[in-house]
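Novice: Input coords-v3.cif, format and content: mmCIF, C-alpha atoms and all ligand atoms.
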data_entry
#
loop_
_atom_site.label_atom_id
_atom_site.label_comp_id
_atom_site.auth_asym_id
_atom_site.auth_seq_id
_atom_site.Cartn_x
_atom_site.Cartn_y
_atom_site.Cartn_z
CA MET A 1 -17.45 -3.79 26.36
CA THR A 2 -19.37 -3.81 23.10
CA ALA A 3 -17.88 -1.41 20.54
CA ARG A 4 -20.24 0.98 18.75
CA VAL A 5 -19.49 0.79 15.03
CA ALA A 6 -20.36 3.11 12.15
CA ILE A 7 -20.29 1.72 8.60
CA LEU A 8 -19.60 4.14 5.75
CA ILE A 9 -21.05 3.14 2.38
CA SER A 10 -21.62 4.56 -1.08
CA GLY A 11 -23.61 1.83 -2.82
CA ARG A 12 -25.24 -1.58 -2.55
CA GLY A 13 -23.88 -2.35 0.92
CA SER A 14 -23.54 -6.12 0.79
CA ASN A 15 -20.52 -6.02 3.13
CA MET A 16 -22.52 -3.73 5.41
CA ARG A 17 -25.28 -6.34 5.45
CA SER A 18 -22.86 -9.11 6.41
CA LEU A 19 -21.51 -6.96 9.26
CA ILE A 20 -25.02 -6.20 10.51
CA GLU A 21 -25.90 -9.89 10.46
CA ALA A 22 -22.69 -10.96 12.21
CA THR A 23 -23.03 -8.36 14.95
CA ARG A 24 -26.42 -9.79 15.92
CA ALA A 25 -24.74 -12.82 17.49
CA PRO A 26 -24.97 -12.34 21.27
CA ASP A 27 -21.25 -12.92 21.82
CA TYR A 28 -20.09 -10.62 18.99
CA PRO A 29 -17.96 -7.80 20.48
CA ALA A 30 -19.46 -4.94 18.43
CA ARG A 31 -22.81 -3.46 17.41
CA ILE A 32 -23.63 -1.40 14.34
CA ALA A 33 -24.81 1.91 15.73
CA LEU A 34 -24.91 3.94 12.49
CA VAL A 35 -24.70 3.63 8.71
CA VAL A 36 -23.61 6.74 6.80
CA SER A 37 -23.71 7.17 3.04
CA ASN A 38 -22.29 9.98 0.95
CA ARG A 39 -25.00 9.25 -1.61
CA ALA A 40 -28.72 9.54 -0.89
CA ASP A 41 -29.47 6.86 -3.50
CA ALA A 42 -27.21 4.16 -2.00
CA ALA A 43 -29.24 0.94 -1.92
CA GLY A 44 -27.53 -0.04 1.32
CA LEU A 45 -29.40 2.72 3.18
CA ASP A 46 -32.70 0.86 2.69
CA THR A 47 -31.12 -2.40 3.86
CA ALA A 48 -29.80 -0.70 7.01
CA ALA A 49 -33.10 1.02 7.76
CA ALA A 50 -34.97 -2.27 7.28
CA ALA A 51 -32.60 -3.81 9.83
CA GLY A 52 -33.45 -1.06 12.31
CA ILE A 53 -30.04 0.63 12.12
CA PRO A 54 -29.94 4.46 12.29
CA THR A 55 -28.84 5.95 8.97
CA ALA A 56 -27.47 9.31 7.88
CA VAL A 57 -26.73 10.84 4.50
CA VAL A 58 -23.81 13.25 4.26
CA GLU A 59 -23.71 14.18 0.59
CA HIS A 60 -20.25 15.20 -0.50
CA ARG A 61 -21.71 17.45 -3.18
CA GLY A 62 -23.15 19.67 -0.49
CA PHE A 63 -19.74 20.75 0.77
CA PRO A 64 -17.16 23.11 -0.71
CA ASP A 65 -14.19 20.80 -0.09
CA ARG A 66 -13.08 17.49 1.42
CA ALA A 67 -12.30 19.05 4.80
CA ALA A 68 -15.84 20.42 5.20
CA PHE A 69 -17.35 17.07 4.16
CA ASP A 70 -15.15 15.20 6.63
CA GLU A 71 -16.11 17.63 9.41
CA ALA A 72 -19.79 16.90 8.78
CA LEU A 73 -19.00 13.18 8.80
CA ALA A 74 -17.12 13.58 12.09
CA ARG A 75 -20.13 15.35 13.65
CA GLU A 76 -22.36 12.36 12.78
CA LEU A 77 -19.87 9.91 14.25
CA ASP A 78 -19.49 11.96 17.42
CA ALA A 79 -23.26 12.39 17.82
CA HIS A 80 -23.62 8.59 17.78
CA GLU A 81 -20.67 8.00 20.15
CA ILE A 82 -18.88 5.78 17.65
CA ASP A 83 -15.86 3.72 18.72
CA LEU A 84 -14.89 2.06 15.41
CA VAL A 85 -15.49 2.92 11.75
CA CYS A 86 -15.80 0.36 8.93
CA LEU A 87 -15.47 1.53 5.34
CA ALA A 88 -17.52 -0.79 3.14
CA GLY A 89 -17.59 0.23 -0.50
CA PHE A 90 -17.15 3.87 0.56
CA MET A 91 -15.97 5.68 -2.56
CA ARG A 92 -14.59 8.91 -1.10
CA ILE A 93 -11.01 9.71 -0.22
CA LEU A 94 -10.86 10.97 3.37
CA THR A 95 -8.60 13.80 4.51
CA GLU A 96 -5.40 12.99 6.31
CA SER A 97 -6.61 14.66 9.52
CA PHE A 98 -9.82 12.57 9.54
CA VAL A 99 -7.83 9.39 8.94
CA GLU A 100 -5.30 10.28 11.64
CA HIS A 101 -8.10 11.01 14.12
CA TRP A 102 -9.44 7.47 13.56
CA ARG A 103 -6.02 5.84 13.33
CA GLY A 104 -6.22 2.27 14.62
CA ARG A 105 -10.01 2.56 14.89
CA MET A 106 -10.96 2.62 11.18
CA LEU A 107 -11.01 -0.48 8.95
CA ASN A 108 -11.50 -1.04 5.24
CA ILE A 109 -12.03 -4.09 3.08
CA HIS A 110 -10.33 -4.20 -0.30
CA PRO A 111 -10.98 -6.95 -2.85
CA SER A 112 -7.39 -8.01 -3.48
CA LEU A 113 -4.53 -9.58 -1.59
CA LEU A 114 -2.89 -6.30 -0.64
CA PRO A 115 -0.31 -5.00 -1.32
CA ALA A 116 -1.20 -6.39 -4.78
CA PHE A 117 -3.75 -4.56 -6.93
CA LYS A 118 -4.54 -1.39 -4.99
CA GLY A 119 -7.08 1.13 -6.24
CA LEU A 120 -9.80 0.65 -8.82
CA HIS A 121 -10.66 -2.54 -10.76
CA PRO A 122 -8.57 -4.95 -8.68
CA HIS A 123 -10.19 -8.01 -10.33
CA ALA A 124 -9.30 -6.77 -13.81
CA GLN A 125 -5.79 -6.04 -12.53
CA ALA A 126 -5.52 -9.59 -11.16
CA LEU A 127 -6.71 -11.14 -14.44
CA ALA A 128 -4.32 -8.98 -16.45
CA ALA A 129 -1.44 -10.00 -14.20
CA GLY A 130 -2.26 -13.69 -14.69
CA VAL A 131 -2.14 -14.62 -11.01
CA ASP A 132 -3.67 -17.93 -9.93
CA ARG A 133 -4.54 -16.70 -6.42
CA HIS A 134 -6.60 -13.62 -5.60
CA GLY A 135 -8.64 -12.59 -2.58
CA CYS A 136 -9.51 -9.83 -0.16
CA THR A 137 -7.94 -7.93 2.72
CA VAL A 138 -9.30 -6.27 5.86
CA HIS A 139 -6.83 -3.59 6.88
CA PHE A 140 -6.42 -0.54 9.09
CA VAL A 141 -6.93 2.70 7.19
CA VAL A 142 -3.94 5.02 6.78
CA PRO A 143 -3.80 8.17 4.65
CA GLU A 144 -2.31 6.38 1.63
CA LEU A 145 -5.07 4.54 -0.27
CA ASP A 146 -5.33 0.74 0.26
CA SER A 147 -2.00 0.75 2.10
CA GLY A 148 -2.81 0.22 5.75
CA PRO A 149 -1.46 -2.72 7.71
CA THR A 150 -3.31 -5.99 7.16
CA ILE A 151 -5.61 -7.41 9.83
CA VAL A 152 -6.76 -10.53 7.98
CA GLN A 153 -6.86 -11.88 4.41
CA ALA A 154 -8.73 -14.59 2.50
CA THR A 155 -7.60 -16.24 -0.71
CA VAL A 156 -9.62 -17.59 -3.65
CA PRO A 157 -8.38 -19.42 -6.75
CA VAL A 158 -8.46 -17.75 -10.16
CA LEU A 159 -10.06 -20.38 -12.41
CA PRO A 160 -9.67 -20.94 -16.15
CA GLY A 161 -12.33 -18.95 -17.98
CA ASP A 162 -12.79 -16.43 -15.17
CA ASP A 163 -13.86 -12.95 -16.16
CA GLU A 164 -14.09 -9.89 -13.94
CA ALA A 165 -17.66 -10.72 -12.86
CA SER A 166 -17.04 -14.36 -11.94
CA LEU A 167 -13.87 -13.50 -10.06
CA ALA A 168 -15.53 -10.58 -8.24
CA ALA A 169 -18.39 -12.83 -7.13
CA ARG A 170 -15.99 -15.45 -5.75
CA VAL A 171 -14.06 -12.78 -3.86
CA LEU A 172 -17.22 -11.07 -2.60
CA ALA A 173 -18.43 -14.27 -0.93
CA GLU A 174 -15.13 -14.32 0.99
CA GLU A 175 -15.42 -10.61 1.81
CA HIS A 176 -18.75 -11.26 3.50
CA ARG A 177 -17.15 -13.94 5.68
CA LEU A 178 -13.91 -12.04 6.33
CA TYR A 179 -15.03 -8.53 7.32
CA PRO A 180 -16.89 -9.68 10.48
CA VAL A 181 -13.79 -11.70 11.44
CA GLY A 182 -11.52 -8.66 11.08
CA LEU A 183 -13.88 -6.34 12.93
CA ALA A 184 -14.19 -8.80 15.81
CA MET A 185 -10.39 -9.06 16.05
CA VAL A 186 -10.10 -5.28 16.44
CA ALA A 187 -13.11 -4.92 18.74
CA ARG A 188 -11.69 -7.62 21.04
CA GLY A 189 -8.23 -6.02 21.01
CA GLU A 190 -6.76 -9.10 19.32
CA ALA A 191 -5.41 -6.95 16.48
CA ARG A 192 -4.28 -3.39 17.01
CA LEU A 193 -2.30 -0.80 15.12
CA GLU A 194 1.03 0.13 16.68
CA GLY A 195 3.18 2.54 14.73
CA GLY A 196 2.83 1.31 11.18
CA THR A 197 2.24 -2.33 12.07
CA THR A 198 -0.61 -4.60 13.11
CA VAL A 199 0.11 -6.28 16.43
CA PHE A 200 -1.79 -9.49 17.08
CA ALA A 201 -2.46 -10.10 20.77
CA GLY A 202 1.16 -10.15 21.81
CA LYS A 203 3.02 -10.87 18.58
CA ALA A 204 3.99 -8.42 15.86
CA ALA A 205 3.25 -9.20 12.22
CA ALA A 206 4.46 -7.66 9.01
CA GLY A 207 2.29 -4.77 7.85
C1 LIG B 301 -16.59 -4.56 -2.25
O1 LIG B 301 -16.00 -5.42 -3.18
C2 LIG B 301 -15.54 -3.90 -1.43
O2 LIG B 301 -14.46 -4.72 -1.13
C3 LIG B 301 -15.10 -2.79 -2.33
O3 LIG B 301 -16.28 -2.31 -2.93
C4 LIG B 301 -17.23 -3.36 -2.94
C5 LIG B 301 -18.43 -2.88 -2.21
O4 LIG B 301 -19.50 -3.78 -2.27
N1 LIG B 301 -14.34 -1.82 -1.60
P1 LIG B 301 -20.70 -3.68 -1.26
O5 LIG B 301 -21.25 -2.25 -1.34
O6 LIG B 301 -20.20 -4.01 0.10
O7 LIG B 301 -21.72 -4.66 -1.76
#
Would you mind giving the structure from this file in structure tokens?

Specialist:
Amino acid sequence: MTARVAILISGRGSNMRSLIEATRAPDYPARIALVVSNRADAAGLDTAAAAGIPTAVVEHRGFPDRAAFDEALARELDAHEIDLVCLAGFMRILTESFVEHWRGRMLNIHPSLLPAFKGLHPHAQALAAGVDRHGCTVHFVVPELDSGPTIVQATVPVLPGDDEASLAARVLAEEHRLYPVGLAMVARGEARLEGGTTVFAGKAAAG
């Protein structure tokens, strides 16, 4: 079965683009059925439309609170019969009930080797910490921000002279490769969330 995926974005959507491109392969186990943005001016909306993907704008400013926004989001996902949700540069915190509803079926990509450097400005955090390895993580979404169990990670070196921009660019190239890998693992049932842990086709791994 081919999973129907919605991608939630807020901005340029380069990870969204890499997912759209990957899902075009005939043997890929998922299709992008919808792209939703909470901002009407997100550049990624044009990219998705140009690729022939249905798009929707659910502007958070139009709702009195997070719960009402999330309900509108849920209606879009239901209307498009979505199986899996990918957050890709989606800059809104979702309510616990929304996250619980999609538990095990919602993924995020974060540009750090979680659990290191959660939250904003992970590249600046990595440079400030002086690490020599950095990277990105595809993980299941749980209510606590950037804390869900890992599905897959990629590592890049931190090089002498790196600044936030050069490090972000090196990580972003890996993000584009990694997110389609993580989504395929979940769509094929090779990685699934059980309790608070990712289980990989028969063997349990640390969350
Ligand atoms: C990516 O670095 C992603 O990991 C982070 O926000 C950025 C979004 O970039 N959560 P894009 O919109 O996918 O180009």

Novice: Residues contacting ligand LIG 301 (chain B) - anything with an atom at most 7 Å away, using all atoms listed in the file - can you give me those as a PyMOL selection string?

Specialist: chain A and resi 9-16+88-90+109-111+172+175

Novice: For A:Gly161, list every protein, DNA or RNA residue within 12 Å, evaluated using all atoms listed in the file, and leave out those in the same chain fewer than 3 positions away; present the list as a ChimeraX atom specification.

Specialist: /A:127,130,132,157-158,164-167

Novice: Near stretch 51-59 of chain A, within 10 Å and counting only C-alpha atoms, which residues show up once chain neighbours fewer than 4 positions away are dropped, as an MDAnalysis selection string?

Specialist: chainID A and resid 6:10 17 20:21 31:42 44:47 63 69:70 72:73 76:77 80

Novice: I'd like the contact shell of A:Pro149 - 7 Å cut-off, all atoms listed in the file, skipping same-chain residues fewer than 4 positions apart - returned as a list in words.

Specialist: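 That gives His139, Phe140, Gly196, Thr197, Thr198 and Gly207 of chain A.
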
Novice: Using the selection just defined, write its residues with C-alpha atoms as an mmCIF file, keeping the file's coordinate frame.

Specialist:
data_model
loop_
_atom_site.group_PDB
_atom_site.id
_atom_site.type_symbol
_atom_site.label_atom_id
_atom_site.label_comp_id
_atom_site.auth_asym_id
_atom_site.auth_seq_id
_atom_site.Cartn_x
_atom_site.Cartn_y
_atom_site.Cartn_z
ATOM 1 C CA HIS A 139 -6.830 -3.590 6.880
ATOM 2 C CA PHE A 140 -6.420 -0.540 9.090
ATOM 3 C CA GLY A 196 2.830 1.310 11.180
ATOM 4 C CA THR A 197 2.240 -2.330 12.070
ATOM 5 C CA THR A 198 -0.610 -4.600 13.110
ATOM 6 C CA GLY A 207 2.290 -4.770 7.850
#

Novice: If you measure from atom CA of A:Val152 to atom CA of A:Gly182, what distance in Å do you get, rounded to one decimal?

Specialist: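 It comes out at 6.0 Å.
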
Novice: Work out how far apart atom CA of A:Ala173 and atom CA of A:Ala187 are and give it in Å to one decimal.

Specialist: 22.4 Å

Novice: Atom CA of A:Phe200 and atom CA of A:Pro122 are how many Å apart?

Specialist: 27.0 Å

Novice: Residues around (-9.6, -15.9, -4.6), cut-off 6 Å, counting only C-alpha atoms - what are they as a VMD selection string?

Specialist: chain A and resid 133 to 135 155 to 158 171

Novice: For A:Asn108, find every residue with an atom within 6 Å (counting all atoms listed in the file), except residues of its own chain fewer than 6 positions away, and show them as a PDB file with C-alpha atoms, in the coordinates of the input.

Specialist:
ATOM      1  CA  CYS A  86     -15.800   0.360   8.930  1.00  0.00           C
ATOM      2  CA  LEU A  87     -15.470   1.530   5.340  1.00  0.00           C
ATOM      3  CA  VAL A 138      -9.300  -6.270   5.860  1.00  0.00           C
ATOM      4  CA  HIS A 139      -6.830  -3.590   6.880  1.00  0.00           C
TER       5      HIS A 139
END

Novice: For a quick check of understanding, using all atoms listed in the file, which of A:Arg177, A:Arg170, A:Arg192, A:Arg24 has the smallest distance to A:Ser112?

Specialist: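 Distance minimum relative to A:Ser112 lands on A:Arg170.
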
Novice: Under the rule that all atoms listed in the file are counted, which of A:Ala67, A:Ala168, A:Val99, A:Leu183 is the nearest residue to A:Ala3?

Specialist: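 Of A:Ala67, A:Ala168, A:Val99, A:Leu183, the one nearest A:Ala3, counting all atoms listed in the file, is A:Leu183.
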
Novice: Check the smallest atom-to-atom distance from each of A:Pro115, A:Pro26, A:Pro180, A:Gly104 to A:Asp146 using only C-alpha atoms, then report the winner.

Specialist: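 The answer is A:Pro115, which sits nearest to A:Asp146.
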
Novice: Calculated over all atoms listed in the file, which of the candidates A:Val199, A:Ala22, A:Leu84, A:Leu113 has the smallest distance to A:Ser147?

Specialist: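 For A:Ser147, the nearest of the given residues is A:Leu113.
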